[in-house]
Structure formats: C-alpha cells, structure tokens
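Colleague: Contents are compact mmCIF, N, CA and C atoms; file name final-v2.txt:
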```txt
# COMPACT_ATOMS: atom_id res chain seq x y z
N GLN G 1 -53.49 -25.27 -198.49
CA GLN G 1 -52.66 -24.88 -197.36
C GLN G 1 -51.50 -25.86 -197.22
N VAL G 2 -50.32 -25.32 -196.95
CA VAL G 2 -49.13 -26.13 -196.77
C VAL G 2 -48.52 -25.79 -195.42
N GLN G 3 -48.30 -26.79 -194.62
CA GLN G 3 -47.62 -26.59 -193.34
C GLN G 3 -46.20 -27.12 -193.43
N LEU G 4 -45.26 -26.31 -192.96
CA LEU G 4 -43.85 -26.66 -193.05
C LEU G 4 -43.25 -26.72 -191.65
N VAL G 5 -42.47 -27.75 -191.40
CA VAL G 5 -41.80 -27.91 -190.11
C VAL G 5 -40.32 -28.14 -190.37
N GLU G 6 -39.51 -27.23 -189.85
CA GLU G 6 -38.07 -27.32 -190.04
C GLU G 6 -37.41 -27.98 -188.84
N SER G 7 -36.25 -28.54 -189.09
CA SER G 7 -35.44 -29.12 -188.02
C SER G 7 -33.98 -29.12 -188.45
N GLY G 8 -33.10 -29.31 -187.47
CA GLY G 8 -31.69 -29.47 -187.80
C GLY G 8 -30.80 -28.30 -187.48
N GLY G 9 -31.34 -27.20 -187.02
CA GLY G 9 -30.49 -26.08 -186.68
C GLY G 9 -29.71 -26.36 -185.41
N GLY G 10 -28.82 -25.44 -185.08
CA GLY G 10 -28.05 -25.60 -183.85
C GLY G 10 -26.80 -24.75 -183.86
N LEU G 11 -25.91 -25.07 -182.94
CA LEU G 11 -24.65 -24.36 -182.76
C LEU G 11 -23.52 -25.22 -183.29
N VAL G 12 -22.66 -24.64 -184.11
CA VAL G 12 -21.55 -25.38 -184.69
C VAL G 12 -20.35 -24.45 -184.80
N GLN G 13 -19.17 -25.02 -184.74
CA GLN G 13 -17.96 -24.21 -184.91
C GLN G 13 -17.72 -23.93 -186.39
N ALA G 14 -17.02 -22.85 -186.65
CA ALA G 14 -16.65 -22.52 -188.02
C ALA G 14 -15.92 -23.70 -188.67
N GLY G 15 -16.29 -23.97 -189.91
CA GLY G 15 -15.73 -25.10 -190.63
C GLY G 15 -16.56 -26.37 -190.51
N GLY G 16 -17.53 -26.35 -189.61
CA GLY G 16 -18.37 -27.51 -189.39
C GLY G 16 -19.52 -27.59 -190.38
N SER G 17 -20.38 -28.58 -190.13
CA SER G 17 -21.51 -28.85 -191.03
C SER G 17 -22.80 -29.00 -190.25
N LEU G 18 -23.88 -28.67 -190.91
CA LEU G 18 -25.22 -28.91 -190.39
C LEU G 18 -26.12 -29.30 -191.56
N ARG G 19 -27.15 -30.06 -191.26
CA ARG G 19 -28.13 -30.43 -192.28
C ARG G 19 -29.51 -30.02 -191.79
N LEU G 20 -30.14 -29.13 -192.53
CA LEU G 20 -31.48 -28.69 -192.21
C LEU G 20 -32.48 -29.52 -193.01
N SER G 21 -33.61 -29.78 -192.38
CA SER G 21 -34.67 -30.52 -193.05
C SER G 21 -35.98 -29.76 -192.90
N CYS G 22 -36.84 -29.94 -193.89
CA CYS G 22 -38.15 -29.29 -193.87
C CYS G 22 -39.17 -30.31 -194.37
N ALA G 23 -40.11 -30.61 -193.51
CA ALA G 23 -41.17 -31.54 -193.86
C ALA G 23 -42.43 -30.76 -194.19
N ALA G 24 -43.03 -31.09 -195.31
CA ALA G 24 -44.22 -30.36 -195.77
C ALA G 24 -45.45 -31.26 -195.70
N ALA G 25 -46.50 -30.70 -195.18
CA ALA G 25 -47.80 -31.38 -195.19
C ALA G 25 -48.68 -30.68 -196.22
N GLY G 26 -49.13 -31.43 -197.20
CA GLY G 26 -49.92 -30.82 -198.26
C GLY G 26 -49.69 -31.56 -199.56
N SER G 27 -50.55 -31.39 -200.51
CA SER G 27 -50.53 -32.18 -201.74
C SER G 27 -49.78 -31.53 -202.89
N ILE G 28 -49.31 -30.30 -202.72
CA ILE G 28 -48.74 -29.58 -203.84
C ILE G 28 -47.22 -29.66 -203.91
N PHE G 29 -46.62 -30.26 -202.92
CA PHE G 29 -45.16 -30.18 -202.75
C PHE G 29 -44.41 -30.54 -204.02
N SER G 30 -44.78 -31.64 -204.64
CA SER G 30 -44.02 -32.13 -205.80
C SER G 30 -44.09 -31.17 -206.99
N ARG G 31 -45.08 -30.28 -207.00
CA ARG G 31 -45.22 -29.34 -208.11
C ARG G 31 -44.73 -27.93 -207.75
N ALA G 32 -44.24 -27.77 -206.55
CA ALA G 32 -43.88 -26.45 -206.06
C ALA G 32 -42.38 -26.19 -206.18
N VAL G 33 -42.03 -24.92 -206.12
CA VAL G 33 -40.64 -24.52 -205.98
C VAL G 33 -40.32 -24.47 -204.49
N THR G 34 -39.22 -25.06 -204.10
CA THR G 34 -38.85 -25.08 -202.69
C THR G 34 -37.55 -24.31 -202.51
N GLY G 35 -37.42 -23.71 -201.35
CA GLY G 35 -36.21 -22.93 -201.12
C GLY G 35 -35.92 -22.76 -199.65
N TRP G 36 -34.72 -22.30 -199.40
CA TRP G 36 -34.29 -21.94 -198.07
C TRP G 36 -33.87 -20.47 -198.09
N HIS G 37 -34.33 -19.74 -197.11
CA HIS G 37 -33.98 -18.35 -196.93
C HIS G 37 -33.38 -18.20 -195.53
N ARG G 38 -32.72 -17.09 -195.30
CA ARG G 38 -32.20 -16.84 -193.96
C ARG G 38 -32.29 -15.36 -193.63
N GLN G 39 -32.34 -15.10 -192.34
CA GLN G 39 -32.38 -13.72 -191.87
C GLN G 39 -31.49 -13.58 -190.65
N ALA G 40 -30.46 -12.76 -190.81
CA ALA G 40 -29.56 -12.47 -189.70
C ALA G 40 -30.09 -11.24 -188.97
N PRO G 41 -29.70 -11.06 -187.71
CA PRO G 41 -30.17 -9.90 -186.94
C PRO G 41 -29.84 -8.59 -187.64
N GLY G 42 -30.86 -7.75 -187.78
CA GLY G 42 -30.66 -6.45 -188.40
C GLY G 42 -30.55 -6.46 -189.90
N LYS G 43 -30.77 -7.63 -190.50
CA LYS G 43 -30.64 -7.73 -191.95
C LYS G 43 -31.95 -8.23 -192.56
N ARG G 44 -32.07 -8.02 -193.86
CA ARG G 44 -33.24 -8.52 -194.57
C ARG G 44 -33.14 -10.02 -194.79
N ARG G 45 -34.29 -10.63 -194.94
CA ARG G 45 -34.31 -12.04 -195.29
C ARG G 45 -33.77 -12.19 -196.71
N GLU G 46 -32.92 -13.19 -196.90
CA GLU G 46 -32.31 -13.40 -198.20
C GLU G 46 -32.46 -14.85 -198.65
N LEU G 47 -32.54 -15.02 -199.96
CA LEU G 47 -32.61 -16.35 -200.53
C LEU G 47 -31.25 -17.02 -200.45
N VAL G 48 -31.24 -18.24 -199.99
CA VAL G 48 -30.00 -19.01 -199.88
C VAL G 48 -29.90 -20.03 -201.01
N ALA G 49 -30.98 -20.79 -201.20
CA ALA G 49 -30.95 -21.84 -202.21
C ALA G 49 -32.38 -22.13 -202.64
N VAL G 50 -32.52 -22.58 -203.89
CA VAL G 50 -33.83 -22.90 -204.42
C VAL G 50 -33.74 -24.15 -205.27
N ALA G 51 -34.80 -24.95 -205.26
CA ALA G 51 -34.87 -26.16 -206.08
C ALA G 51 -36.26 -26.23 -206.69
N THR G 52 -36.32 -26.33 -208.01
CA THR G 52 -37.61 -26.42 -208.68
C THR G 52 -38.11 -27.86 -208.70
N SER G 53 -39.34 -28.01 -209.10
CA SER G 53 -39.92 -29.35 -209.19
C SER G 53 -39.21 -30.18 -210.26
N GLY G 54 -38.59 -29.51 -211.22
CA GLY G 54 -37.88 -30.21 -212.28
C GLY G 54 -36.43 -30.50 -211.95
N GLY G 55 -36.01 -30.13 -210.75
CA GLY G 55 -34.66 -30.48 -210.33
C GLY G 55 -33.61 -29.42 -210.56
N ILE G 56 -34.01 -28.26 -211.01
CA ILE G 56 -33.06 -27.17 -211.18
C ILE G 56 -32.78 -26.53 -209.84
N THR G 57 -31.51 -26.28 -209.56
CA THR G 57 -31.13 -25.66 -208.29
C THR G 57 -30.33 -24.39 -208.57
N ASP G 58 -30.38 -23.50 -207.60
CA ASP G 58 -29.61 -22.28 -207.68
C ASP G 58 -29.27 -21.83 -206.26
N TYR G 59 -28.19 -21.08 -206.16
CA TYR G 59 -27.67 -20.71 -204.84
C TYR G 59 -27.25 -19.24 -204.82
N ALA G 60 -27.31 -18.68 -203.64
CA ALA G 60 -26.71 -17.36 -203.44
C ALA G 60 -25.21 -17.50 -203.61
N ALA G 61 -24.59 -16.45 -204.12
CA ALA G 61 -23.15 -16.50 -204.37
C ALA G 61 -22.37 -16.80 -203.09
N SER G 62 -22.88 -16.32 -201.97
CA SER G 62 -22.16 -16.47 -200.71
C SER G 62 -22.11 -17.91 -200.21
N VAL G 63 -22.97 -18.78 -200.72
CA VAL G 63 -23.01 -20.16 -200.23
C VAL G 63 -22.68 -21.19 -201.31
N LYS G 64 -22.54 -20.73 -202.53
CA LYS G 64 -22.29 -21.64 -203.65
C LYS G 64 -21.00 -22.43 -203.39
N GLY G 65 -21.09 -23.73 -203.60
CA GLY G 65 -19.94 -24.60 -203.36
C GLY G 65 -19.86 -25.13 -201.94
N ARG G 66 -20.65 -24.54 -201.04
CA ARG G 66 -20.64 -25.00 -199.64
C ARG G 66 -21.97 -25.62 -199.22
N PHE G 67 -23.07 -25.11 -199.79
CA PHE G 67 -24.40 -25.59 -199.42
C PHE G 67 -24.98 -26.38 -200.58
N THR G 68 -25.79 -27.37 -200.24
CA THR G 68 -26.49 -28.17 -201.25
C THR G 68 -27.95 -28.34 -200.85
N ILE G 69 -28.84 -27.97 -201.75
CA ILE G 69 -30.27 -28.18 -201.51
C ILE G 69 -30.70 -29.45 -202.23
N SER G 70 -31.54 -30.21 -201.57
CA SER G 70 -32.05 -31.41 -202.20
C SER G 70 -33.50 -31.61 -201.74
N ARG G 71 -34.27 -32.28 -202.57
CA ARG G 71 -35.66 -32.50 -202.22
C ARG G 71 -36.04 -33.95 -202.49
N ASP G 72 -36.95 -34.42 -201.68
CA ASP G 72 -37.47 -35.78 -201.80
C ASP G 72 -38.97 -35.64 -201.99
N ASN G 73 -39.41 -35.67 -203.23
CA ASN G 73 -40.83 -35.45 -203.51
C ASN G 73 -41.71 -36.58 -202.96
N ALA G 74 -41.16 -37.76 -202.90
CA ALA G 74 -41.96 -38.89 -202.40
C ALA G 74 -42.31 -38.71 -200.93
N ASN G 75 -41.42 -38.03 -200.20
CA ASN G 75 -41.64 -37.83 -198.76
C ASN G 75 -41.92 -36.37 -198.39
N ASN G 76 -42.13 -35.53 -199.41
CA ASN G 76 -42.46 -34.12 -199.16
C ASN G 76 -41.45 -33.44 -198.24
N THR G 77 -40.18 -33.65 -198.52
CA THR G 77 -39.15 -33.02 -197.70
C THR G 77 -38.12 -32.31 -198.58
N VAL G 78 -37.54 -31.30 -198.01
CA VAL G 78 -36.44 -30.59 -198.66
C VAL G 78 -35.35 -30.38 -197.61
N HIS G 79 -34.11 -30.56 -198.04
CA HIS G 79 -32.98 -30.49 -197.13
C HIS G 79 -32.00 -29.42 -197.59
N LEU G 80 -31.22 -28.95 -196.64
CA LEU G 80 -30.12 -28.05 -196.95
C LEU G 80 -28.89 -28.55 -196.21
N GLN G 81 -27.96 -29.09 -196.96
CA GLN G 81 -26.69 -29.53 -196.39
C GLN G 81 -25.73 -28.35 -196.41
N MET G 82 -25.24 -27.99 -195.24
CA MET G 82 -24.37 -26.82 -195.12
C MET G 82 -23.01 -27.27 -194.63
N ASN G 83 -22.01 -27.09 -195.46
CA ASN G 83 -20.63 -27.45 -195.12
C ASN G 83 -19.76 -26.21 -195.03
N SER G 84 -18.62 -26.37 -194.43
CA SER G 84 -17.66 -25.26 -194.32
C SER G 84 -18.33 -23.99 -193.81
N LEU G 85 -19.08 -24.14 -192.75
CA LEU G 85 -19.86 -23.02 -192.23
C LEU G 85 -18.94 -21.91 -191.70
N LYS G 86 -19.44 -20.70 -191.87
CA LYS G 86 -18.72 -19.50 -191.45
C LYS G 86 -19.58 -18.74 -190.45
N PRO G 87 -18.94 -17.92 -189.61
CA PRO G 87 -19.73 -17.12 -188.66
C PRO G 87 -20.80 -16.26 -189.36
N GLU G 88 -20.52 -15.81 -190.56
CA GLU G 88 -21.49 -14.98 -191.27
C GLU G 88 -22.69 -15.77 -191.78
N ASP G 89 -22.67 -17.09 -191.63
CA ASP G 89 -23.84 -17.90 -191.96
C ASP G 89 -24.84 -17.93 -190.80
N THR G 90 -24.49 -17.35 -189.69
CA THR G 90 -25.38 -17.31 -188.54
C THR G 90 -26.65 -16.55 -188.88
N ALA G 91 -27.79 -17.20 -188.68
CA ALA G 91 -29.08 -16.61 -189.03
C ALA G 91 -30.19 -17.57 -188.64
N VAL G 92 -31.41 -17.09 -188.74
CA VAL G 92 -32.56 -17.98 -188.68
C VAL G 92 -32.85 -18.40 -190.12
N TYR G 93 -32.94 -19.70 -190.32
CA TYR G 93 -33.17 -20.26 -191.65
C TYR G 93 -34.63 -20.68 -191.78
N TYR G 94 -35.22 -20.29 -192.90
CA TYR G 94 -36.64 -20.56 -193.15
C TYR G 94 -36.81 -21.40 -194.40
N CYS G 95 -37.62 -22.39 -194.29
CA CYS G 95 -38.03 -23.18 -195.45
C CYS G 95 -39.17 -22.44 -196.15
N ASN G 96 -39.16 -22.50 -197.47
CA ASN G 96 -40.18 -21.84 -198.26
C ASN G 96 -40.68 -22.76 -199.36
N VAL G 97 -41.99 -22.74 -199.55
CA VAL G 97 -42.61 -23.45 -200.66
C VAL G 97 -43.46 -22.44 -201.42
N ARG G 98 -43.22 -22.35 -202.73
CA ARG G 98 -43.97 -21.42 -203.56
C ARG G 98 -44.75 -22.19 -204.62
N TYR G 99 -46.06 -21.94 -204.63
CA TYR G 99 -46.91 -22.62 -205.61
C TYR G 99 -48.04 -21.70 -206.01
N SER G 100 -48.19 -21.50 -207.30
CA SER G 100 -49.28 -20.70 -207.83
C SER G 100 -49.34 -19.31 -207.19
N SER G 101 -48.18 -18.69 -207.10
CA SER G 101 -48.03 -17.33 -206.57
C SER G 101 -48.24 -17.23 -205.06
N PHE G 102 -48.41 -18.33 -204.38
CA PHE G 102 -48.52 -18.31 -202.93
C PHE G 102 -47.20 -18.78 -202.31
N ASP G 103 -46.82 -18.09 -201.25
CA ASP G 103 -45.63 -18.46 -200.49
C ASP G 103 -46.04 -19.03 -199.14
N TYR G 104 -45.45 -20.15 -198.81
CA TYR G 104 -45.65 -20.77 -197.50
C TYR G 104 -44.30 -20.83 -196.79
N TRP G 105 -44.34 -20.55 -195.49
CA TRP G 105 -43.10 -20.46 -194.72
C TRP G 105 -43.14 -21.36 -193.50
N GLY G 106 -41.97 -21.89 -193.16
CA GLY G 106 -41.83 -22.59 -191.90
C GLY G 106 -41.60 -21.59 -190.79
N GLN G 107 -41.46 -22.12 -189.58
CA GLN G 107 -41.33 -21.26 -188.40
C GLN G 107 -39.90 -20.77 -188.21
N GLY G 108 -38.97 -21.35 -188.92
CA GLY G 108 -37.57 -20.94 -188.81
C GLY G 108 -36.80 -21.80 -187.83
N THR G 109 -35.53 -21.98 -188.13
CA THR G 109 -34.64 -22.71 -187.23
C THR G 109 -33.32 -21.94 -187.13
N GLN G 110 -32.84 -21.80 -185.91
CA GLN G 110 -31.64 -20.99 -185.67
C GLN G 110 -30.37 -21.77 -186.00
N VAL G 111 -29.50 -21.14 -186.76
CA VAL G 111 -28.16 -21.68 -187.03
C VAL G 111 -27.16 -20.66 -186.50
N THR G 112 -26.30 -21.11 -185.61
CA THR G 112 -25.27 -20.24 -185.04
C THR G 112 -23.91 -20.86 -185.28
N VAL G 113 -23.03 -20.11 -185.90
CA VAL G 113 -21.69 -20.58 -186.21
C VAL G 113 -20.70 -19.75 -185.39
N SER G 114 -19.98 -20.43 -184.53
CA SER G 114 -19.02 -19.73 -183.67
C SER G 114 -17.64 -19.71 -184.33
N SER G 115 -16.89 -18.67 -184.05
CA SER G 115 -15.56 -18.54 -184.66
C SER G 115 -14.49 -19.18 -183.80
```
Would you encode the structure as structure tokens?
Modeller:
Amino acid sequence: QVQLVESGGGLVQAGGSLRLSCAAAGSIFSRAVTGWHRQAPGKRRELVAVATSGGITDYAASVKGRFTISRDNANNTVHLQMNSLKPEDTAVYYCNVRYSSFDYWGQGTQVTVSS
C-alpha cells in the first residue's frame, strides 16, 4: 500500500508559477513510475508528466517546456514545477504512483490560474 499526500496548489495569475509536491509513504517508491495527472471540470483526467525510476521523463504536449517533473527517491517525493501558467492549466492535480500494475493516487490539489 502506498499513501500519497499532495501539497502546493493554489491560485495564481496567468504567467505565474507554482510547485506541487507529493510525499509517498511506502517502500516501493524508488522502483515505481511516478506521474502527475490533472482533471478540469467536465473533462477527463489527463496525464501531465511522468518520471520513471530510471530518470526518464515525458510530458503532455500542452505543458512541455513549461512544466518540470522531478523526483527525490531518498525522500520518497515527486515534484511538479509549473511555470508560465495559463488559465487552461486550471484543474485538480493528482499525484500517481504505478508499481506492478497497481495505481495509487493522491487526494488531489486544486490549481487555479486567473487571466
């Protein structure tokens, strides 16, 4: 079992920055794939960024060049640095850990970008 706790969401003006953090409790973190997903009102949840245990990262086209995912295996944390935020980035952001075909999710943190 993996418990995830997110923090760092909030309200920011367009062009601003936020840093999301996700702390994981559990022993598998360093071997798992970690990611951030988001869900805007009336839309499906979508993958934003992913980081493998080997350090490979990938991003949705809509955030590439603006968002950076990073992980600290020693402290079981994964971060999402979000720069140049746009109103369309407004959503609830969820931390995800995938290990051995199991998905674990955080409770979500709201990010609101005002125009």
Colleague: Kindly indicate which residue among G:Phe67, G:Tyr59, G:Tyr93, G:Tyr104 lies nearest to G:Ala40, using all atoms listed in the file for the distances.
Modeller: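 Result for the nearest residue to G:Ala40: G:Tyr93.
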Colleague: Got a sec to check which residues sit within 7 Å of (-37.0, -24.1, -198.5), counting only N, CA and C atoms, and write them as a list in words?
Modeller: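 These residues have at least one counted atom within 7 Å: Val33, Thr34, Gly35, Trp36, His37, Ala49, Val50, Val78, Tyr94, Cys95, Asn96 and Val97 of chain G.
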Colleague: What's the 8 Å shell around G:Asn73, counting only N, CA and C atoms, without same-chain residues fewer than 6 positions away, as an MDAnalysis selection string?
Modeller: chainID G and resid 29:31
Colleague: Interatomic distance between atom C of G:Val63 and atom N of G:Arg38?
Modeller: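 For atom C of G:Val63 relative to atom N of G:Arg38, the distance reads 12.4 Å.
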Colleague: Excluding G:Val5 and residues on its chain fewer than 2 positions from it, collect all residues at most 6 Å away from it, counting all atoms listed in the file, and give them as a PDB file with N, CA and C atoms, in the frame of the given file.
Modeller:
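around-v5.pdb written:
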```
ATOM      1  N   GLN G   3     -48.300 -26.790-194.620  1.00  0.00           N
ATOM      2  CA  GLN G   3     -47.620 -26.590-193.340  1.00  0.00           C
ATOM      3  C   GLN G   3     -46.200 -27.120-193.430  1.00  0.00           C
ATOM      4  N   SER G   7     -36.250 -28.540-189.090  1.00  0.00           N
ATOM      5  CA  SER G   7     -35.440 -29.120-188.020  1.00  0.00           C
ATOM      6  C   SER G   7     -33.980 -29.120-188.450  1.00  0.00           C
ATOM      7  N   SER G  21     -33.610 -29.780-192.380  1.00  0.00           N
ATOM      8  CA  SER G  21     -34.670 -30.520-193.050  1.00  0.00           C
ATOM      9  C   SER G  21     -35.980 -29.760-192.900  1.00  0.00           C
ATOM     10  N   CYS G  22     -36.840 -29.940-193.890  1.00  0.00           N
ATOM     11  CA  CYS G  22     -38.150 -29.290-193.870  1.00  0.00           C
ATOM     12  C   CYS G  22     -39.170 -30.310-194.370  1.00  0.00           C
ATOM     13  N   ALA G  23     -40.110 -30.610-193.510  1.00  0.00           N
ATOM     14  CA  ALA G  23     -41.170 -31.540-193.860  1.00  0.00           C
ATOM     15  C   ALA G  23     -42.430 -30.760-194.190  1.00  0.00           C
ATOM     16  N   ALA G  24     -43.030 -31.090-195.310  1.00  0.00           N
ATOM     17  CA  ALA G  24     -44.220 -30.360-195.770  1.00  0.00           C
ATOM     18  C   ALA G  24     -45.450 -31.260-195.700  1.00  0.00           C
ATOM     19  N   GLY G 106     -41.970 -21.890-193.160  1.00  0.00           N
ATOM     20  CA  GLY G 106     -41.830 -22.590-191.900  1.00  0.00           C
ATOM     21  C   GLY G 106     -41.600 -21.590-190.790  1.00  0.00           C
ATOM     22  N   GLN G 107     -41.460 -22.120-189.580  1.00  0.00           N
ATOM     23  CA  GLN G 107     -41.330 -21.260-188.400  1.00  0.00           C
ATOM     24  C   GLN G 107     -39.900 -20.770-188.210  1.00  0.00           C
TER      25      GLN G 107
END
```
Colleague: If we count only N, CA and C atoms, what is near stretch 8-17 of chain G at a cut-off of 8 Å, once residues fewer than 5 positions away on the same chain are taken out, given as a PDB file with N, CA and C atoms, keeping the file's coordinate frame?
Modeller:
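Output file around.pdb is given in full below:
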```
ATOM      1  N   CYS G  22     -36.840 -29.940-193.890  1.00  0.00           N
ATOM      2  CA  CYS G  22     -38.150 -29.290-193.870  1.00  0.00           C
ATOM      3  C   CYS G  22     -39.170 -30.310-194.370  1.00  0.00           C
ATOM      4  N   GLN G  81     -27.960 -29.090-196.960  1.00  0.00           N
ATOM      5  CA  GLN G  81     -26.690 -29.530-196.390  1.00  0.00           C
ATOM      6  C   GLN G  81     -25.730 -28.350-196.410  1.00  0.00           C
ATOM      7  N   MET G  82     -25.240 -27.990-195.240  1.00  0.00           N
ATOM      8  CA  MET G  82     -24.370 -26.820-195.120  1.00  0.00           C
ATOM      9  C   MET G  82     -23.010 -27.270-194.630  1.00  0.00           C
ATOM     10  N   ASN G  83     -22.010 -27.090-195.460  1.00  0.00           N
ATOM     11  CA  ASN G  83     -20.630 -27.450-195.120  1.00  0.00           C
ATOM     12  C   ASN G  83     -19.760 -26.210-195.030  1.00  0.00           C
ATOM     13  N   SER G  84     -18.620 -26.370-194.430  1.00  0.00           N
ATOM     14  CA  SER G  84     -17.660 -25.260-194.320  1.00  0.00           C
ATOM     15  C   SER G  84     -18.330 -23.990-193.810  1.00  0.00           C
ATOM     16  N   LEU G  85     -19.080 -24.140-192.750  1.00  0.00           N
ATOM     17  CA  LEU G  85     -19.860 -23.020-192.230  1.00  0.00           C
ATOM     18  C   LEU G  85     -18.940 -21.910-191.700  1.00  0.00           C
ATOM     19  N   LYS G  86     -19.440 -20.700-191.870  1.00  0.00           N
ATOM     20  CA  LYS G  86     -18.720 -19.500-191.450  1.00  0.00           C
ATOM     21  C   LYS G  86     -19.580 -18.740-190.450  1.00  0.00           C
ATOM     22  N   PRO G  87     -18.940 -17.920-189.610  1.00  0.00           N
ATOM     23  CA  PRO G  87     -19.730 -17.120-188.660  1.00  0.00           C
ATOM     24  C   PRO G  87     -20.800 -16.260-189.360  1.00  0.00           C
ATOM     25  N   TYR G  93     -32.940 -19.700-190.320  1.00  0.00           N
ATOM     26  CA  TYR G  93     -33.170 -20.260-191.650  1.00  0.00           C
ATOM     27  C   TYR G  93     -34.630 -20.680-191.780  1.00  0.00           C
ATOM     28  N   GLY G 108     -38.970 -21.350-188.920  1.00  0.00           N
ATOM     29  CA  GLY G 108     -37.570 -20.940-188.810  1.00  0.00           C
ATOM     30  C   GLY G 108     -36.800 -21.800-187.830  1.00  0.00           C
ATOM     31  N   THR G 109     -35.530 -21.980-188.130  1.00  0.00           N
ATOM     32  CA  THR G 109     -34.640 -22.710-187.230  1.00  0.00           C
ATOM     33  C   THR G 109     -33.320 -21.940-187.130  1.00  0.00           C
ATOM     34  N   GLN G 110     -32.840 -21.800-185.910  1.00  0.00           N
ATOM     35  CA  GLN G 110     -31.640 -20.990-185.670  1.00  0.00           C
ATOM     36  C   GLN G 110     -30.370 -21.770-186.000  1.00  0.00           C
ATOM     37  N   VAL G 111     -29.500 -21.140-186.760  1.00  0.00           N
ATOM     38  CA  VAL G 111     -28.160 -21.680-187.030  1.00  0.00           C
ATOM     39  C   VAL G 111     -27.160 -20.660-186.500  1.00  0.00           C
ATOM     40  N   THR G 112     -26.300 -21.110-185.610  1.00  0.00           N
ATOM     41  CA  THR G 112     -25.270 -20.240-185.040  1.00  0.00           C
ATOM     42  C   THR G 112     -23.910 -20.860-185.280  1.00  0.00           C
ATOM     43  N   VAL G 113     -23.030 -20.110-185.900  1.00  0.00           N
ATOM     44  CA  VAL G 113     -21.690 -20.580-186.210  1.00  0.00           C
ATOM     45  C   VAL G 113     -20.700 -19.750-185.390  1.00  0.00           C
ATOM     46  N   SER G 114     -19.980 -20.430-184.530  1.00  0.00           N
ATOM     47  CA  SER G 114     -19.020 -19.730-183.670  1.00  0.00           C
ATOM     48  C   SER G 114     -17.640 -19.710-184.330  1.00  0.00           C
ATOM     49  N   SER G 115     -16.890 -18.670-184.050  1.00  0.00           N
ATOM     50  CA  SER G 115     -15.560 -18.540-184.660  1.00  0.00           C
ATOM     51  C   SER G 115     -14.490 -19.180-183.800  1.00  0.00           C
TER      52      SER G 115
END
```
Colleague: Would you compute the distance between atom CA of G:Lys64 and atom CA of G:Asn76? Give it in Å to one decimal.
Modeller: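 Atom CA of G:Asn76 lies 24.1 Å from atom CA of G:Lys64.
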Colleague: Within chain G, find each residue whose DSSP state, derived from the backbone, is helix (DSSP H, G or I), and express the selection as a PyMOL selection string.
Modeller: chain G and resi 29-31+73-75+87-89
Colleague: Just give me the gap between atom CA of G:Thr52 and atom CA of G:Val92 in Å, one decimal is fine.
Modeller: 22.3 Å
Colleague: From the options G:Ser62, G:Thr57, G:Ser100, G:Thr90, which residue's atoms come nearest to G:Gln39, counting only N, CA and C atoms?
Modeller: G:Thr90
Colleague: Taking the chain letters and numbering used in this document, name the residues of stretch 9-51 of chain G that DSSP puts in strand (DSSP E or B), as a list in words.
Modeller: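 Assigned to strand (DSSP E or B), within stretch 9-51 of chain G: Gly10, Leu11, Val12, Gln13, Leu18, Arg19, Leu20, Ser21, Cys22, Ala23, Ala24, Ala25, Val33, Thr34, Gly35, Trp36, His37, Arg38, Gln39, Glu46, Leu47, Val48, Ala49, Val50 and Ala51 of chain G.
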Colleague: Got a sec: who's within 6 Å of G:Ala25, counting all atoms listed in the file, leaving out chain neighbours fewer than 6 positions off, as a PyMOL selection string?
Modeller: chain G and resi 1-4
Colleague: Extract stretch 78-88 of chain G from the coordinates I pasted, and write it as a PDB file, in the first residue's frame (atoms kept: N, CA, C and O atoms).
Modeller:
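Written file, selection.pdb:
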```
ATOM      1  N   VAL G  78       7.918  13.465  -5.118  1.00  0.00           N
ATOM      2  CA  VAL G  78       7.930  13.857  -6.522  1.00  0.00           C
ATOM      3  C   VAL G  78       7.314  15.253  -6.614  1.00  0.00           C
ATOM      4  O   VAL G  78       6.370  15.580  -5.892  1.00  0.00           O
ATOM      5  N   HIS G  79       7.921  16.074  -7.454  1.00  0.00           N
ATOM      6  CA  HIS G  79       7.504  17.469  -7.575  1.00  0.00           C
ATOM      7  C   HIS G  79       7.097  17.779  -9.004  1.00  0.00           C
ATOM      8  O   HIS G  79       7.520  17.115  -9.954  1.00  0.00           O
ATOM      9  N   LEU G  80       6.291  18.806  -9.126  1.00  0.00           N
ATOM     10  CA  LEU G  80       5.945  19.326 -10.448  1.00  0.00           C
ATOM     11  C   LEU G  80       6.107  20.838 -10.394  1.00  0.00           C
ATOM     12  O   LEU G  80       5.325  21.526  -9.736  1.00  0.00           O
ATOM     13  N   GLN G  81       7.127  21.329 -11.050  1.00  0.00           N
ATOM     14  CA  GLN G  81       7.339  22.769 -11.165  1.00  0.00           C
ATOM     15  C   GLN G  81       6.583  23.264 -12.378  1.00  0.00           C
ATOM     16  O   GLN G  81       6.810  22.778 -13.498  1.00  0.00           O
ATOM     17  N   MET G  82       5.684  24.204 -12.153  1.00  0.00           N
ATOM     18  CA  MET G  82       4.832  24.704 -13.229  1.00  0.00           C
ATOM     19  C   MET G  82       5.123  26.181 -13.433  1.00  0.00           C
ATOM     20  O   MET G  82       4.890  26.990 -12.527  1.00  0.00           O
ATOM     21  N   ASN G  83       5.631  26.520 -14.592  1.00  0.00           N
ATOM     22  CA  ASN G  83       5.940  27.904 -14.939  1.00  0.00           C
ATOM     23  C   ASN G  83       5.054  28.373 -16.085  1.00  0.00           C
ATOM     24  O   ASN G  83       4.459  27.562 -16.794  1.00  0.00           O
ATOM     25  N   SER G  84       5.010  29.661 -16.265  1.00  0.00           N
ATOM     26  CA  SER G  84       4.225  30.251 -17.359  1.00  0.00           C
ATOM     27  C   SER G  84       2.814  29.681 -17.402  1.00  0.00           C
ATOM     28  O   SER G  84       2.313  29.263 -18.452  1.00  0.00           O
ATOM     29  N   LEU G  85       2.182  29.664 -16.264  1.00  0.00           N
ATOM     30  CA  LEU G  85       0.860  29.048 -16.156  1.00  0.00           C
ATOM     31  C   LEU G  85      -0.175  29.819 -16.976  1.00  0.00           C
ATOM     32  O   LEU G  85      -0.119  31.047 -17.102  1.00  0.00           O
ATOM     33  N   LYS G  86      -1.111  29.039 -17.498  1.00  0.00           N
ATOM     34  CA  LYS G  86      -2.187  29.579 -18.325  1.00  0.00           C
ATOM     35  C   LYS G  86      -3.525  29.235 -17.684  1.00  0.00           C
ATOM     36  O   LYS G  86      -3.629  28.247 -16.947  1.00  0.00           O
ATOM     37  N   PRO G  87      -4.562  30.010 -17.991  1.00  0.00           N
ATOM     38  CA  PRO G  87      -5.890  29.682 -17.439  1.00  0.00           C
ATOM     39  C   PRO G  87      -6.321  28.246 -17.758  1.00  0.00           C
ATOM     40  O   PRO G  87      -6.994  27.616 -16.942  1.00  0.00           O
ATOM     41  N   GLU G  88      -5.919  27.738 -18.898  1.00  0.00           N
ATOM     42  CA  GLU G  88      -6.310  26.370 -19.259  1.00  0.00           C
ATOM     43  C   GLU G  88      -5.577  25.303 -18.452  1.00  0.00           C
ATOM     44  O   GLU G  88      -5.883  24.116 -18.570  1.00  0.00           O
TER      45      GLU G  88
END
```
